[in-house]
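Shown below: my_file-v8.txt, with compact mmCIF, C-alpha atoms.
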```txt
# COMPACT_ATOMS: atom_id res chain seq x y z
CA MET L 1 -27.86 -11.86 -0.03
CA ALA L 2 -31.58 -12.42 -0.66
CA SER L 3 -33.81 -13.29 2.27
CA GLY L 4 -33.41 -16.94 3.27
CA GLN L 5 -30.48 -17.44 0.88
CA LEU L 6 -27.23 -19.02 2.03
CA SER L 7 -23.80 -19.62 0.63
CA ARG L 8 -22.95 -23.26 -0.07
CA GLU L 9 -20.60 -23.29 2.92
CA GLU L 10 -23.19 -21.75 5.24
CA ALA L 11 -25.80 -24.25 4.12
CA LEU L 12 -23.55 -27.25 4.75
CA ALA L 13 -22.64 -25.90 8.20
CA CYS L 14 -26.28 -25.83 9.34
CA SER L 15 -27.11 -28.61 11.79
CA GLY L 16 -30.50 -30.28 12.06
CA TYR L 17 -31.39 -29.71 8.39
CA ARG L 18 -31.88 -32.09 5.50
CA HIS L 19 -30.76 -31.11 2.01
CA ALA L 20 -32.50 -31.35 -1.37
CA CYS L 21 -30.79 -30.65 -4.70
CA HIS L 22 -32.56 -29.95 -8.00
CA VAL L 23 -31.36 -28.84 -11.42
CA MET L 24 -32.68 -27.08 -14.49
CA LEU L 25 -31.23 -28.78 -17.56
CA TYR L 26 -31.40 -26.73 -20.75
CA SER L 27 -29.96 -26.25 -24.21
CA ASP L 28 -30.24 -23.87 -27.13
CA THR L 29 -32.10 -25.00 -30.25
CA LYS L 30 -32.75 -23.70 -33.75
CA THR L 31 -35.96 -25.68 -34.18
CA GLN L 32 -39.26 -23.94 -34.86
CA LEU L 33 -42.83 -24.76 -33.89
CA PHE L 34 -44.98 -25.23 -37.02
CA GLY L 35 -41.92 -24.15 -38.98
CA LYS L 36 -42.32 -20.49 -37.99
CA ILE L 37 -42.26 -19.96 -34.19
CA PRO L 38 -38.67 -20.05 -32.83
CA ILE L 39 -38.43 -22.36 -29.82
CA ARG L 40 -34.97 -20.94 -28.98
CA HIS L 41 -34.31 -22.99 -25.84
CA ILE L 42 -35.20 -26.41 -24.44
CA VAL L 43 -35.81 -26.33 -20.69
CA LEU L 44 -36.71 -29.57 -18.92
CA MET L 45 -39.05 -29.99 -15.98
CA GLN L 46 -41.01 -33.04 -14.81
CA MET L 47 -44.48 -34.00 -13.72
CA ARG L 48 -44.11 -35.45 -10.25
CA TYR L 49 -46.05 -38.30 -8.63
CA ASP L 50 -48.14 -35.74 -6.70
CA GLY L 51 -49.34 -33.97 -9.85
CA LEU L 52 -47.04 -30.96 -9.37
CA LEU L 53 -44.39 -29.68 -11.76
CA GLY L 54 -40.81 -29.49 -10.55
CA PHE L 55 -37.18 -29.89 -11.50
CA PRO L 56 -35.41 -33.27 -11.35
CA GLY L 57 -33.48 -34.04 -8.18
CA GLY L 58 -34.13 -35.08 -4.61
CA LEU L 59 -32.78 -35.54 -1.10
CA VAL L 60 -29.02 -35.68 -0.59
CA ASN L 61 -27.05 -36.66 2.52
CA PRO L 62 -23.94 -34.42 2.69
CA SER L 63 -22.41 -36.65 5.37
CA LYS L 64 -22.19 -39.50 2.85
CA GLU L 65 -21.76 -37.72 -0.51
CA THR L 66 -21.21 -34.27 -1.94
CA LEU L 67 -24.27 -32.28 -2.95
CA GLU L 68 -23.31 -32.64 -6.59
CA ALA L 69 -22.67 -36.40 -6.40
CA GLY L 70 -26.03 -36.85 -4.68
CA LEU L 71 -27.77 -34.81 -7.37
CA THR L 72 -26.12 -36.86 -10.13
CA ARG L 73 -27.33 -40.03 -8.38
CA GLU L 74 -30.87 -38.65 -8.24
CA LEU L 75 -30.71 -37.75 -11.93
CA LEU L 76 -29.73 -41.31 -12.82
CA GLU L 77 -32.82 -42.57 -11.00
CA GLU L 78 -35.22 -39.94 -12.36
CA VAL L 79 -34.03 -39.30 -15.93
CA GLY L 80 -31.92 -42.38 -16.62
CA VAL L 81 -28.68 -40.45 -17.19
CA ALA L 82 -26.02 -39.67 -14.57
CA VAL L 83 -25.64 -36.06 -15.68
CA PRO L 84 -22.49 -34.64 -14.06
CA VAL L 85 -23.19 -31.49 -12.06
CA SER L 86 -20.47 -29.24 -10.61
CA GLU L 87 -20.27 -26.62 -7.87
CA GLU L 88 -20.09 -23.99 -10.62
CA ASP L 89 -23.64 -24.94 -11.67
CA LEU L 90 -25.06 -24.00 -8.24
CA VAL L 91 -27.30 -20.93 -8.44
CA ALA L 92 -28.80 -20.69 -4.96
CA SER L 93 -29.05 -22.42 -1.59
CA ARG L 94 -31.87 -21.35 0.70
CA TYR L 95 -34.09 -22.39 3.57
CA ALA L 96 -37.33 -24.06 2.51
CA PRO L 97 -40.57 -22.81 4.11
CA ALA L 98 -41.15 -24.69 7.38
CA PRO L 99 -42.55 -27.10 8.28
CA PHE L 100 -41.80 -29.11 5.16
CA VAL L 101 -42.76 -32.65 4.12
CA PHE L 102 -40.70 -33.74 1.12
CA SER L 103 -42.70 -36.81 0.06
CA SER L 104 -45.66 -38.94 0.97
CA SER L 105 -43.27 -41.55 2.38
CA SER L 106 -42.27 -39.10 5.13
CA SER L 107 -45.18 -38.11 7.33
CA SER L 108 -43.25 -35.95 9.79
CA PRO L 109 -42.28 -32.37 8.86
CA TYR L 110 -38.59 -31.51 8.97
CA ARG L 111 -36.36 -28.54 8.31
CA LEU L 112 -34.96 -28.42 4.79
CA ILE L 113 -32.37 -26.50 2.79
CA THR L 114 -32.78 -26.53 -0.98
CA HIS L 115 -29.96 -26.20 -3.51
CA PHE L 116 -30.83 -25.16 -7.07
CA TYR L 117 -28.51 -25.77 -10.01
CA VAL L 118 -28.66 -24.76 -13.67
CA LYS L 119 -26.72 -26.74 -16.28
CA LYS L 120 -26.43 -26.01 -19.98
CA MET L 121 -26.12 -29.01 -22.30
CA GLU L 122 -25.98 -29.68 -26.02
CA GLU L 123 -29.33 -30.24 -27.71
CA GLU L 124 -28.54 -33.88 -28.48
CA GLN L 125 -27.64 -34.45 -24.83
CA ILE L 126 -31.03 -33.06 -23.82
CA ARG L 127 -32.71 -35.39 -26.31
CA GLU L 128 -30.74 -38.30 -24.83
CA VAL L 129 -32.06 -37.39 -21.37
CA GLU L 130 -35.62 -37.31 -22.72
CA ARG L 131 -35.21 -40.73 -24.34
CA ALA L 132 -33.62 -42.28 -21.27
CA ALA L 133 -36.27 -40.80 -18.96
CA VAL L 134 -38.94 -43.03 -20.53
CA SER L 135 -36.81 -46.08 -21.34
CA THR L 136 -34.27 -46.69 -18.55
CA ALA L 137 -35.06 -44.38 -15.61
CA THR L 138 -36.11 -46.47 -12.61
CA ASP L 139 -38.45 -43.75 -11.32
CA HIS L 140 -40.42 -43.35 -14.57
CA GLY L 141 -44.11 -43.94 -13.96
CA LEU L 142 -43.56 -43.93 -10.20
CA GLU L 143 -42.04 -40.85 -8.59
CA VAL L 144 -41.76 -39.21 -12.02
CA LEU L 145 -44.73 -39.32 -14.39
CA GLY L 146 -42.88 -37.77 -17.32
CA MET L 147 -40.49 -35.09 -18.54
CA VAL L 148 -41.92 -31.81 -19.80
CA ARG L 149 -40.44 -29.10 -22.02
CA VAL L 150 -41.18 -25.53 -20.95
CA PRO L 151 -42.66 -23.51 -23.86
CA LEU L 152 -40.72 -20.24 -23.79
CA TYR L 153 -42.66 -18.75 -26.70
CA THR L 154 -46.10 -17.19 -27.04
CA THR L 155 -48.46 -18.09 -29.87
CA LYS L 156 -50.92 -15.70 -31.54
CA SER L 157 -53.65 -17.10 -29.28
CA LYS L 158 -51.40 -16.27 -26.26
CA GLY L 159 -50.70 -19.94 -25.59
CA GLY L 160 -47.26 -21.15 -24.56
CA LEU L 161 -45.36 -19.78 -21.58
CA GLY L 162 -48.33 -17.92 -20.09
CA SER L 163 -50.48 -21.04 -20.09
CA PHE L 164 -47.64 -23.18 -18.74
CA LEU L 165 -47.11 -20.90 -15.75
CA THR L 166 -50.73 -21.41 -14.62
CA HIS L 167 -49.97 -25.02 -13.67
CA SER L 168 -49.24 -26.04 -10.07
CA PHE L 169 -45.55 -26.20 -9.11
CA ILE L 170 -43.83 -27.78 -6.11
CA GLY L 171 -42.30 -25.35 -3.61
CA ASN L 172 -40.60 -22.41 -5.29
CA SER L 173 -40.02 -24.16 -8.65
CA ARG L 174 -42.07 -21.58 -10.54
CA SER L 175 -39.94 -18.75 -9.11
CA GLN L 176 -36.77 -20.69 -9.90
CA LEU L 177 -37.93 -21.09 -13.49
CA VAL L 178 -38.88 -17.42 -13.87
CA ASP L 179 -35.64 -16.21 -12.27
CA SER L 180 -33.53 -18.51 -14.45
CA VAL L 181 -35.07 -17.66 -17.82
CA LEU L 182 -34.70 -13.95 -16.99
CA ARG L 183 -31.12 -14.25 -15.75
CA LEU L 184 -30.09 -16.25 -18.82
CA ASN L 185 -31.94 -13.90 -21.19
CA MET L 186 -34.09 -16.72 -22.55
CA VAL L 187 -37.04 -14.35 -22.59
CA SER L 188 -37.18 -10.60 -22.15
CA ALA L 189 -38.69 -8.98 -19.09
CA GLU L 190 -41.46 -7.62 -21.33
CA GLU L 191 -42.25 -11.07 -22.78
CA LEU L 192 -42.34 -12.57 -19.31
CA HIS L 193 -44.56 -9.78 -17.99
CA ARG L 194 -47.08 -10.41 -20.78
CA ALA L 195 -46.96 -14.16 -20.11
CA LEU L 196 -47.55 -13.72 -16.38
CA THR L 197 -50.40 -11.28 -17.03
CA HIS L 198 -52.02 -13.90 -19.26
CA SER L 199 -51.39 -16.54 -16.56
CA LEU L 200 -53.31 -14.53 -13.98
CA LYS L 201 -56.27 -14.10 -16.34
CA THR L 202 -56.22 -17.82 -17.19
CA TYR L 203 -56.01 -18.70 -13.50
CA SER L 204 -59.12 -16.69 -12.75
CA HIS L 205 -61.00 -18.53 -15.50
CA THR L 206 -59.67 -21.89 -14.30
CA ALA L 207 -60.75 -21.11 -10.75
CA GLY L 208 -64.28 -20.56 -12.05
CA ASP L 209 -64.21 -23.93 -13.82
CA LEU L 210 -63.04 -25.63 -10.63
CA ARG L 211 -65.83 -24.04 -8.61
CA ALA L 212 -68.36 -25.27 -11.17
CA ALA L 213 -66.91 -28.79 -11.03
CA LEU L 214 -66.99 -28.69 -7.24
CA ALA L 215 -70.63 -27.63 -7.28
CA LEU L 216 -71.39 -30.58 -9.57
CA THR L 217 -69.77 -33.05 -7.18
CA GLU L 218 -71.57 -31.50 -4.24
CA ALA L 219 -74.88 -32.02 -6.04
CA GLN L 220 -73.99 -35.66 -6.72
CA ARG L 221 -73.11 -36.20 -3.04
CA LYS L 222 -76.50 -35.05 -1.76
CA PRO L 223 -78.65 -37.95 -0.56
CA ARG L 224 -81.56 -38.71 -2.85
```

Structure encoded using structure tokens:
Amino acid sequence: MASGQLSREEALACSGYRHACHVMLYSDTKTQLFGKIPIRHIVLMQMRYDGLLGFPGGLVNPSKETLEAGLTRELLEEVGVAVPVSEEDLVASRYAPAPFVFSSSSSSPYRLITHFYVKKMEEEQIREVERAAVSTATDHGLEVLGMVRVPLYTTKSKGGLGSFLTHSFIGNSRSQLVDSVLRLNMVSAEELHRALTHSLKTYSHTAGDLRAALALTEAQRKPR
């Protein structure tokens, strides 16, 4: 078993840990971008309150509810639909890097075990989640700033997945995304390698832009 990874039973037997469950919801699609670029799959992530990308979900208390029931409850709050999730959808349980602070409402670090699920849905069900996320979800505009589709394609200008992967992700969400799209054959290893190579180049350019912006603010802060 991979370093830090646990079975579901081992994870639930750990004392002194809190548990967080998150899920990647996805579907197949025949739609095309600009009528010519196959989108192939719809994968949902969300922009969190802290400006980081992540998967929907949250903290679960196994002493009061099952992991899956807790995740479904969190989904109702965050995306407006109580998507049923089963034990069969669980991909990995692992220790989170310590110390860990889950949200700004909790100032004290604590030990955490994360549980990652992947659930395939019909395209219309995914669209229903997207509609509900902005119309009925209680967390919309608060803990969740909006749902985001992951572009699993690459345009002629190398936009798409490579650009998306340069964004900032919470915890190991980027690795979870990369592992999942590879395992499910949503993109080939070669496609993903090209996308990640482009991401690194874009990141270097973005870092330069950030340094320039920082220098500008430093100049504005100097006393006149």

Go through range 32-115 of chain L and flag each residue having an atom no more than 12 Å from range 183-191 of chain L; for those, report the closest pair of atoms plus their distance in Å to one decimal, using all atoms listed in the file, ordered by chain and rising number, as a Markdown table.
```
| residue | atom | partner | partner_atom | distance |
| --- | --- | --- | --- | --- |
| L:Pro38 | CA | L:Met186 | CA | 11.7 |
| L:Ile39 | CA | L:Met186 | CA | 10.2 |
| L:Arg40 | CA | L:Met186 | CA | 7.7 |
| L:His41 | CA | L:Met186 | CA | 7.1 |
| L:Ile42 | CA | L:Met186 | CA | 9.9 |
| L:Val43 | CA | L:Met186 | CA | 9.9 |
| L:Val91 | CA | L:Arg183 | CA | 10.6 |
```

key: Which of L:Met147, L:Cys14, L:Leu182, L:Leu196 sits closest to Arg94 in chain L [using all atoms listed in the file]   =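 Checking each candidate against Arg94 in chain L, we get L:Cys14 as the closest.
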
note = In Å and to one decimal, CA of Asp139 in chain L is distant from CA of Gly70 in chain L by 15.7 Å

request  = Could you tell me which of L:Ala96, L:Leu76, L:Val23, L:Ile113 comes closest to Ser7 in chain L if we count all atoms listed in the file?
outcome  = L:Ile113

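Nearest residue to Gln125 in chain L among L:Gly54, L:Gly162, L:Pro84, L:Gly141 is L:Pro84, counting only C-alpha atoms.
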
request  = Return the single residue from L:Ala69, L:Phe116, L:Met24, L:Gly146 that is closest to Leu6 in chain L, with distances computed using only C-alpha atoms.
outcome  =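 Among the listed residues, L:Phe116 lies closest to Leu6 in chain L.
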
key: Between CA of Tyr95 in chain L and CA of Thr114 in chain L, distance in Å (one decimal)   =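 Here the two named atoms are 6.3 Å from each other.
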
query = When you draw a straight line from CA of Asp209 in chain L to CA of Gly159 in chain L, how long is it in Å?
reply = 18.4 Å

task = Return the single residue from L:Glu128, L:Ala20, L:Ala195, L:His115 that is closest to Lys158 in chain L, with distances computed using only C-alpha atoms.
result =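 Among the listed residues, the smallest separation from Lys158 in chain L belongs to L:Ala195.
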
inquiry  = Counting all atoms listed in the file, which residue out of L:Leu53, L:Asp28, L:Val134, L:Val60 sits closest to Leu112 in chain L?
reply    = L:Val60
